[in-house]
Amino acid sequence: MSNQCERAVELLSGARRVVALTGAGMSQESGVPTFRDAQTGLWERYDPTELATAAAFQHNPARVFGWYLWRWQLVRKVAPHAGHRALAALVRAFDELVVVTQNVDGLHRRAGSPDVTELHGSIDAFRCFDQGHPYDPAGLESLELPESGEVQPPECHVCGSPVRPGVVWFGEFLPQDALERACRVVTECDALLVIGTSALVYPAADLPNLGLSSGATVIEINPQRTPLTPRVRLSWPASAGAALPALSAALGQPVAP
Ligand code: BV8
């Protein structure tokens with residue numbers, strides 16, 4: 001068992017309520033590119049923060065919708081990795097383990113985590129731009145993306161406005177209930193695991209500060225340092241896919257690789 005794993009077990013002993021705050025790095029080992037990674041292929045010339053906005057969608061709906069369709073089709077083909085499954089198993093090691101995720105890929109739910117708060121929505125939930133009417137993407141999963149990657153968004157069956165992904169774009173407010181729940185559970189938790197996030201996107205990046213000021217023991221799992229690293233109780237420089245299965249095994253909840 002690594003020193004960091006031993007230290008994490010020590011720090012978590014006695015913890016009853018735990019929160020796991022996850023970012024794009026949590027899904028990297030499932031094959032979902034993170035935001036910090038250079039965009040792959042078609043998208044390498046774009047900055048994600050310039051595509052993930054309502055203004056970008058209104059300016060070039062086909063490019064933005066094509067990007068999300070490409071990501072949505074990718075996410076449907078990948079699976080949760082052992083780190084996701086370890087987080088789901090760790091629920092049994094504490095009275096409560098809430099996953100608060102910035103990710104929109106749904107992999108925590110698919111891994112079996114029973115209590116997941118999605119701060120930035122879900123790439124699976126399509127709705128129309130003007131009035132938020134839900135849109136069933138059935139049939140889009142097999143749509144071949146053209147060379148350009150640009151796909152004209154379908155029109156809402158109710159009001160005719162263009163269909164957008166059900167995610168929170170930059171400049172948009174987070175779902176009030178999700179943010180309020182995240183703040184509440186972080187304020188009340190004994191320990192906060194911060195996994196696979198660059199801690200640069202707000203207001204999610206404020207949650208670890210809220211945990212620290214509420215007296216939580218904060219453990220960061222990330223191969224890279226982040227602005228949070230100097231202030232956490234334990235910095236565990238490892239991937240989510242390596243650290244979390246080691247931690248769940250050490251806490252008596254082993255998962256298959
Ligand atoms: C808002 C959905 C109110 C879309 C996303 C202060 C307060 C409030 C707002 C702001 C503020 N300052 C600035 C803002 C504006 C903005 C913001 O934060 N900008 C940043 C760029 C500075 N915030 C907003 O606009 C938010 N809205 O506040 O509303 C408002 C309203 C109007 C006007 C003003 C304010 C909305 C933010 C949500 C945006 N939507 N996602 C989509 O997915 O397409 S954010 C998106 O990017 C992701 O969801 C994710 O949150 C973020 C990327 O961050 P990470 O998840 O951390 O991923 P990243 O790639 O950065 O890092 C990966 C990490 O993993 C790295 O550290 C790496 O080392 C590590 N890693 C890699 N591999 C592994 C690993 N770790 C473990 N294991 C591995 N294998």
# chains A, B, ... in the order shown; residues from 1 in each chain; ligands from 1
call {"tool": "select_by_dssp", "arguments": {"residues": "region 43-149 of chain A", "states": "strand (DSSP E or B)", "output": "PyMOL selection string"}}
result
chain A and resi 96-101+116-118+121-128+134-135
call {"tool": "write_last_selection", "arguments": {"atoms": "C-alpha atoms", "output": "PDB file, in the first residue's frame"}}
result
ATOM      1  CA  GLU A  96     -22.838   8.728   3.610  1.00  0.00           C
ATOM      2  CA  LEU A  97     -20.811   9.295   0.431  1.00  0.00           C
ATOM      3  CA  VAL A  98     -22.169  11.923  -1.964  1.00  0.00           C
ATOM      4  CA  VAL A  99     -20.604  12.370  -5.410  1.00  0.00           C
ATOM      5  CA  VAL A 100     -20.669  15.986  -6.604  1.00  0.00           C
ATOM      6  CA  THR A 101     -19.462  16.009 -10.197  1.00  0.00           C
ATOM      7  CA  VAL A 116     -24.749  11.867  -7.572  1.00  0.00           C
ATOM      8  CA  THR A 117     -25.210  15.636  -7.930  1.00  0.00           C
ATOM      9  CA  GLU A 118     -24.397  16.871 -11.450  1.00  0.00           C
ATOM     10  CA  GLY A 121     -25.966  19.063 -16.228  1.00  0.00           C
ATOM     11  CA  SER A 122     -25.910  16.012 -18.453  1.00  0.00           C
ATOM     12  CA  ILE A 123     -24.803  15.496 -22.047  1.00  0.00           C
ATOM     13  CA  ASP A 124     -27.579  12.920 -22.311  1.00  0.00           C
ATOM     14  CA  ALA A 125     -30.326  15.513 -21.724  1.00  0.00           C
ATOM     15  CA  PHE A 126     -31.096  17.430 -24.930  1.00  0.00           C
ATOM     16  CA  ARG A 127     -33.602  20.300 -24.858  1.00  0.00           C
ATOM     17  CA  CYS A 128     -34.630  23.168 -27.105  1.00  0.00           C
ATOM     18  CA  PRO A 134     -36.997  18.029 -23.739  1.00  0.00           C
ATOM     19  CA  TYR A 135     -35.773  16.431 -26.982  1.00  0.00           C
TER      20      TYR A 135
END
call {"tool": "residues_around", "arguments": {"residues": "region 64-79 of chain A", "least_positions_apart": "2", "cutoff": "9 Å", "atoms": "only C-alpha atoms", "output": "number ranges by chain"}}
result
A: 30-32, 42-43, 51-53, 56-58, 60-62, 81, 105-107, 110-111, 123-124, 140-143, 145, 148-153, 163-165
call {"tool": "write_last_selection", "arguments": {"atoms": "N, CA, C and O atoms", "output": "short mmCIF file (atom, residue, chain, number, x, y, z; two decimals), in the first residue's frame"}}
result
data_model
loop_
_atom_site.label_atom_id
_atom_site.label_comp_id
_atom_site.auth_asym_id
_atom_site.auth_seq_id
_atom_site.Cartn_x
_atom_site.Cartn_y
_atom_site.Cartn_z
N SER A 30 -11.48 6.46 -18.68
CA SER A 30 -12.54 5.77 -19.45
C SER A 30 -12.43 6.12 -20.93
O SER A 30 -13.23 5.65 -21.74
N GLY A 31 -11.47 7.04 -21.24
CA GLY A 31 -11.31 7.43 -22.65
C GLY A 31 -12.06 8.70 -23.01
O GLY A 31 -12.25 9.00 -24.19
N VAL A 32 -12.46 9.47 -21.98
CA VAL A 32 -13.14 10.76 -22.26
C VAL A 32 -12.10 11.87 -22.08
O VAL A 32 -11.58 12.05 -20.97
N LEU A 42 -10.70 16.76 -34.77
CA LEU A 42 -11.48 17.85 -35.37
C LEU A 42 -11.43 19.11 -34.54
O LEU A 42 -11.53 20.21 -35.04
N TRP A 43 -11.33 18.95 -33.23
CA TRP A 43 -11.61 20.10 -32.36
C TRP A 43 -10.34 20.75 -31.86
O TRP A 43 -10.41 21.67 -31.05
N LEU A 51 -16.38 27.04 -27.12
CA LEU A 51 -17.45 26.26 -27.75
C LEU A 51 -18.61 26.07 -26.77
O LEU A 51 -19.76 26.00 -27.17
N ALA A 52 -18.26 26.00 -25.47
CA ALA A 52 -19.30 25.68 -24.46
C ALA A 52 -19.97 26.96 -23.96
O ALA A 52 -19.95 27.26 -22.76
N THR A 53 -20.53 27.72 -24.91
CA THR A 53 -21.26 28.94 -24.51
C THR A 53 -22.50 29.10 -25.39
O THR A 53 -22.53 28.63 -26.55
N ALA A 56 -21.66 31.01 -28.57
CA ALA A 56 -21.04 30.20 -29.63
C ALA A 56 -22.11 29.41 -30.37
O ALA A 56 -22.11 29.30 -31.60
N PHE A 57 -23.09 28.91 -29.62
CA PHE A 57 -24.16 28.12 -30.24
C PHE A 57 -24.99 29.01 -31.16
O PHE A 57 -25.34 28.63 -32.29
N GLN A 58 -25.28 30.22 -30.70
CA GLN A 58 -26.09 31.12 -31.55
C GLN A 58 -25.30 31.57 -32.77
O GLN A 58 -25.83 31.72 -33.86
N ASN A 60 -22.72 29.86 -34.25
CA ASN A 60 -22.47 28.75 -35.17
C ASN A 60 -23.07 27.46 -34.59
O ASN A 60 -22.36 26.61 -34.07
N PRO A 61 -24.39 27.35 -34.68
CA PRO A 61 -25.08 26.21 -34.05
C PRO A 61 -24.57 24.85 -34.55
O PRO A 61 -24.41 23.92 -33.78
N ALA A 62 -24.23 24.79 -35.84
CA ALA A 62 -23.81 23.50 -36.39
C ALA A 62 -22.48 23.05 -35.79
O ALA A 62 -22.26 21.88 -35.49
N HIS A 81 -14.63 3.27 -15.33
CA HIS A 81 -13.44 2.44 -15.03
C HIS A 81 -13.46 2.05 -13.55
O HIS A 81 -14.39 2.40 -12.81
N ASP A 105 -20.91 13.35 -18.20
CA ASP A 105 -20.91 12.09 -18.95
C ASP A 105 -21.74 10.98 -18.31
O ASP A 105 -21.90 9.91 -18.91
N GLY A 106 -22.22 11.18 -17.09
CA GLY A 106 -23.10 10.18 -16.48
C GLY A 106 -22.39 8.92 -16.01
O GLY A 106 -23.03 7.93 -15.61
N LEU A 107 -21.04 8.91 -16.03
CA LEU A 107 -20.31 7.67 -15.71
C LEU A 107 -20.43 7.27 -14.24
O LEU A 107 -20.40 6.09 -13.89
N ARG A 110 -23.64 5.36 -13.94
CA ARG A 110 -23.51 4.06 -14.62
C ARG A 110 -22.64 3.10 -13.81
O ARG A 110 -22.78 1.90 -13.90
N ALA A 111 -21.75 3.65 -12.97
CA ALA A 111 -20.88 2.79 -12.14
C ALA A 111 -21.61 2.34 -10.88
O ALA A 111 -21.12 1.48 -10.15
N ILE A 123 -24.89 15.48 -20.58
CA ILE A 123 -24.80 15.50 -22.05
C ILE A 123 -25.88 14.61 -22.66
O ILE A 123 -26.17 14.69 -23.85
N ASP A 124 -26.52 13.82 -21.84
CA ASP A 124 -27.58 12.92 -22.31
C ASP A 124 -28.93 13.64 -22.43
O ASP A 124 -29.87 13.13 -23.01
N LEU A 140 -29.92 9.80 -33.19
CA LEU A 140 -28.68 10.59 -33.38
C LEU A 140 -27.45 9.74 -33.08
O LEU A 140 -26.35 10.06 -33.51
N GLU A 141 -27.64 8.62 -32.33
CA GLU A 141 -26.43 7.86 -31.94
C GLU A 141 -25.71 7.29 -33.16
O GLU A 141 -24.52 7.09 -33.15
N SER A 142 -26.45 7.05 -34.24
CA SER A 142 -25.78 6.43 -35.40
C SER A 142 -25.49 7.45 -36.50
O SER A 142 -24.99 7.11 -37.55
N LEU A 143 -25.79 8.72 -36.22
CA LEU A 143 -25.55 9.75 -37.24
C LEU A 143 -24.06 9.89 -37.51
O LEU A 143 -23.27 10.09 -36.59
N LEU A 145 -20.82 11.78 -38.40
CA LEU A 145 -20.45 13.20 -38.47
C LEU A 145 -19.72 13.46 -39.79
O LEU A 145 -18.87 12.68 -40.20
N SER A 148 -16.45 18.02 -41.69
CA SER A 148 -16.32 19.31 -40.99
C SER A 148 -16.64 19.18 -39.50
O SER A 148 -16.30 20.03 -38.70
N GLY A 149 -17.34 18.09 -39.12
CA GLY A 149 -17.76 17.93 -37.73
C GLY A 149 -18.98 18.77 -37.40
O GLY A 149 -19.48 18.75 -36.28
N GLU A 150 -19.47 19.52 -38.38
CA GLU A 150 -20.59 20.42 -38.10
C GLU A 150 -21.92 19.74 -38.43
O GLU A 150 -22.08 19.15 -39.50
N VAL A 151 -22.84 19.79 -37.49
CA VAL A 151 -24.16 19.17 -37.67
C VAL A 151 -25.23 20.18 -37.28
O VAL A 151 -25.24 20.68 -36.15
N GLN A 152 -26.10 20.49 -38.21
CA GLN A 152 -27.20 21.44 -37.93
C GLN A 152 -28.05 20.86 -36.82
O GLN A 152 -28.46 19.70 -36.92
N PRO A 153 -28.28 21.59 -35.73
CA PRO A 153 -29.13 21.03 -34.66
C PRO A 153 -30.54 20.78 -35.16
O PRO A 153 -31.07 21.57 -35.95
N VAL A 163 -32.27 22.57 -31.10
CA VAL A 163 -32.00 21.70 -29.95
C VAL A 163 -30.55 21.89 -29.48
O VAL A 163 -29.65 22.01 -30.31
N ARG A 164 -30.39 21.97 -28.14
CA ARG A 164 -29.05 22.15 -27.55
C ARG A 164 -28.80 21.02 -26.54
O ARG A 164 -29.75 20.37 -26.08
N PRO A 165 -27.56 20.81 -26.11
CA PRO A 165 -27.31 19.82 -25.06
C PRO A 165 -27.76 20.36 -23.70
O PRO A 165 -27.73 21.58 -23.48
#
call {"tool": "closest_residue", "arguments": {"among": "A:Ser161, A:Gln4, A:Thr217, A:Asn222", "to": "Ala24 (chain A)", "atoms": "only C-alpha atoms"}}
result
A:Asn222
call {"tool": "closest_residue", "arguments": {"among": "A:Asp37, A:Glu180, A:Arg231, A:Thr22", "to": "Leu212 (chain A)", "atoms": "only C-alpha atoms"}}
result
A:Arg231
call {"tool": "residues_around", "arguments": {"residues": "Leu207 (chain A)", "least_positions_apart": "6", "cutoff": "12 Å", "atoms": "only C-alpha atoms", "output": "PyMOL selection string"}}
result
chain A and resi 19-22+100-102+119+179-189+192-194+197+199-201+213-214+216+218+228
call {"tool": "write_last_selection", "arguments": {"atoms": "N, CA, C and O atoms", "output": "CSV table (one decimal), in the first residue's frame"}}
result
chain,number,residue,atom,x,y,z
A,19,VAL,N,-17.7,13.5,1.0
A,19,VAL,CA,-18.1,14.0,-0.4
A,19,VAL,C,-17.0,13.8,-1.3
A,19,VAL,O,-15.8,14.0,-0.9
A,20,ALA,N,-17.3,13.3,-2.5
A,20,ALA,CA,-16.3,13.2,-3.6
A,20,ALA,C,-16.6,14.3,-4.6
A,20,ALA,O,-17.7,14.2,-5.2
A,21,LEU,N,-15.7,15.3,-4.8
A,21,LEU,CA,-15.9,16.3,-5.9
A,21,LEU,C,-15.1,15.9,-7.0
A,21,LEU,O,-13.9,15.8,-6.9
A,22,THR,N,-15.7,15.6,-8.2
A,22,THR,CA,-14.9,15.1,-9.3
A,22,THR,C,-15.0,16.0,-10.5
A,22,THR,O,-16.0,16.7,-10.8
A,100,VAL,N,-20.3,14.7,-6.0
A,100,VAL,CA,-20.7,16.0,-6.6
A,100,VAL,C,-19.7,16.1,-7.8
A,100,VAL,O,-18.5,16.2,-7.7
A,101,THR,N,-20.3,16.0,-9.0
A,101,THR,CA,-19.5,16.0,-10.2
A,101,THR,C,-19.7,17.2,-11.1
A,101,THR,O,-20.8,17.7,-11.2
A,102,GLN,N,-18.6,17.6,-11.7
A,102,GLN,CA,-18.6,18.7,-12.8
A,102,GLN,C,-18.8,18.0,-14.1
A,102,GLN,O,-19.0,18.7,-15.1
A,119,LEU,N,-23.4,19.0,-11.2
A,119,LEU,CA,-23.4,20.5,-11.2
A,119,LEU,C,-23.6,21.1,-12.6
A,119,LEU,O,-24.1,22.2,-12.7
A,179,LEU,N,-26.5,23.1,-7.0
A,179,LEU,CA,-25.5,23.9,-6.3
A,179,LEU,C,-25.8,24.0,-4.8
A,179,LEU,O,-24.9,23.9,-4.0
A,180,GLU,N,-27.1,24.2,-4.5
A,180,GLU,CA,-27.4,24.3,-3.0
A,180,GLU,C,-27.1,23.0,-2.3
A,180,GLU,O,-26.5,23.0,-1.2
A,181,ARG,N,-27.4,21.9,-3.0
A,181,ARG,CA,-27.2,20.6,-2.3
A,181,ARG,C,-25.7,20.4,-2.2
A,181,ARG,O,-25.2,19.9,-1.1
A,182,ALA,N,-24.9,20.7,-3.2
A,182,ALA,CA,-23.4,20.6,-3.2
A,182,ALA,C,-22.9,21.4,-2.0
A,182,ALA,O,-22.1,20.9,-1.2
A,183,CYS,N,-23.3,22.6,-1.9
A,183,CYS,CA,-22.8,23.5,-0.8
A,183,CYS,C,-23.2,22.9,0.6
A,183,CYS,O,-22.4,22.9,1.5
A,184,ARG,N,-24.4,22.4,0.7
A,184,ARG,CA,-24.8,21.8,2.0
A,184,ARG,C,-24.0,20.6,2.4
A,184,ARG,O,-23.4,20.5,3.4
A,185,VAL,N,-23.9,19.6,1.4
A,185,VAL,CA,-23.1,18.4,1.8
A,185,VAL,C,-21.7,18.7,2.0
A,185,VAL,O,-21.0,18.1,2.9
A,186,VAL,N,-21.1,19.6,1.3
A,186,VAL,CA,-19.7,20.0,1.5
A,186,VAL,C,-19.5,20.7,2.9
A,186,VAL,O,-18.5,20.4,3.6
A,187,THR,N,-20.4,21.5,3.2
A,187,THR,CA,-20.3,22.2,4.5
A,187,THR,C,-20.4,21.2,5.7
A,187,THR,O,-19.8,21.3,6.7
A,188,GLU,N,-21.3,20.1,5.5
A,188,GLU,CA,-21.5,19.2,6.6
A,188,GLU,C,-20.6,18.0,6.6
A,188,GLU,O,-20.6,17.2,7.6
A,189,CYS,N,-19.8,17.8,5.6
A,189,CYS,CA,-19.0,16.6,5.5
A,189,CYS,C,-17.8,16.6,6.4
A,189,CYS,O,-17.3,17.6,6.8
A,192,LEU,N,-13.5,15.5,2.4
A,192,LEU,CA,-13.8,15.9,1.0
A,192,LEU,C,-12.7,15.3,0.1
A,192,LEU,O,-11.5,15.7,0.3
A,193,LEU,N,-13.1,14.4,-0.8
A,193,LEU,CA,-12.1,13.9,-1.8
A,193,LEU,C,-12.2,14.8,-3.0
A,193,LEU,O,-13.3,14.8,-3.6
A,194,VAL,N,-11.2,15.4,-3.5
A,194,VAL,CA,-11.2,16.3,-4.7
A,194,VAL,C,-10.5,15.5,-5.8
A,194,VAL,O,-9.2,15.4,-5.7
A,197,THR,N,-9.7,17.3,-10.9
A,197,THR,CA,-10.2,18.6,-11.3
A,197,THR,C,-9.1,19.6,-11.2
A,197,THR,O,-8.3,19.6,-10.3
A,199,ALA,N,-9.5,22.6,-10.7
A,199,ALA,CA,-10.0,23.6,-9.7
A,199,ALA,C,-9.9,25.0,-10.3
A,199,ALA,O,-9.5,25.9,-9.6
A,200,LEU,N,-10.3,25.1,-11.5
A,200,LEU,CA,-10.2,26.4,-12.2
A,200,LEU,C,-11.6,27.0,-12.6
A,200,LEU,O,-11.7,28.1,-13.0
A,201,VAL,N,-12.6,26.1,-12.6
A,201,VAL,CA,-14.0,26.5,-13.1
A,201,VAL,C,-14.9,26.8,-11.9
A,201,VAL,O,-15.0,25.9,-11.0
A,213,SER,N,-13.1,25.6,5.0
A,213,SER,CA,-13.5,26.6,6.0
A,213,SER,C,-14.6,26.0,7.0
A,213,SER,O,-14.8,26.5,8.1
A,214,SER,N,-15.1,24.8,6.5
A,214,SER,CA,-16.1,24.1,7.4
A,214,SER,C,-15.4,23.0,8.2
A,214,SER,O,-16.1,22.3,8.9
A,216,ALA,N,-13.6,20.4,7.1
A,216,ALA,CA,-13.5,19.1,6.5
A,216,ALA,C,-12.0,18.8,6.2
A,216,ALA,O,-11.2,19.7,6.0
A,218,VAL,N,-9.5,17.6,3.6
A,218,VAL,CA,-9.6,17.6,2.2
A,218,VAL,C,-8.4,16.8,1.6
A,218,VAL,O,-7.2,17.1,2.0
A,228,LEU,N,-5.3,24.3,-5.7
A,228,LEU,CA,-5.8,23.8,-4.4
A,228,LEU,C,-4.7,23.0,-3.6
A,228,LEU,O,-4.6,23.0,-2.4
call {"tool": "closest_residue", "arguments": {"among": "A:Ile221, A:Ala243, A:Ala191, A:Met26", "to": "Met1 (chain A)", "atoms": "only C-alpha atoms"}}
result
A:Ala243
call {"tool": "atom_distance", "arguments": {"atom1": "CA of Glu220 (chain A)", "atom2": "CA of Trp236 (chain A)"}}
result
5.9 Å
call {"tool": "atom_distance", "arguments": {"atom1": "CA of Thr34 (chain A)", "atom2": "atom 11 (C, counted along the ligand's line) of ligand 1"}}
result
19.8 Å
call {"tool": "closest_residue", "arguments": {"among": "A:Gly166, A:Gly215, A:Pro223, A:Gly112", "to": "ligand 1", "atoms": "only C-alpha atoms and all ligand atoms"}}
result
A:Pro223
call {"tool": "closest_residue", "arguments": {"among": "A:Gly132, A:Pro230, A:Pro137, A:Gly241", "to": "ligand 1", "atoms": "only C-alpha atoms and all ligand atoms"}}
result
A:Gly241
call {"tool": "closest_residue", "arguments": {"among": "A:Ala86, A:Ala204, A:Val9, A:Cys159", "to": "ligand 1", "atoms": "only C-alpha atoms and all ligand atoms"}}
result
A:Ala204
call {"tool": "atom_distance", "arguments": {"atom1": "CA of Ala54 (chain A)", "atom2": "CA of Trp169 (chain A)"}}
result
6.6 Å
call {"tool": "select_by_dssp", "arguments": {"residues": "region 38-206 of chain A", "states": "alpha helix (DSSP H)", "output": "PyMOL selection string"}}
result
chain A and resi 48-51+54-59+61-77+82-89+107-111+176-188
call {"tool": "residues_around", "arguments": {"residues": "Gly160 (chain A)", "least_positions_apart": "5", "cutoff": "9 Å", "atoms": "only C-alpha atoms", "output": "count of residues only"}}
result
4
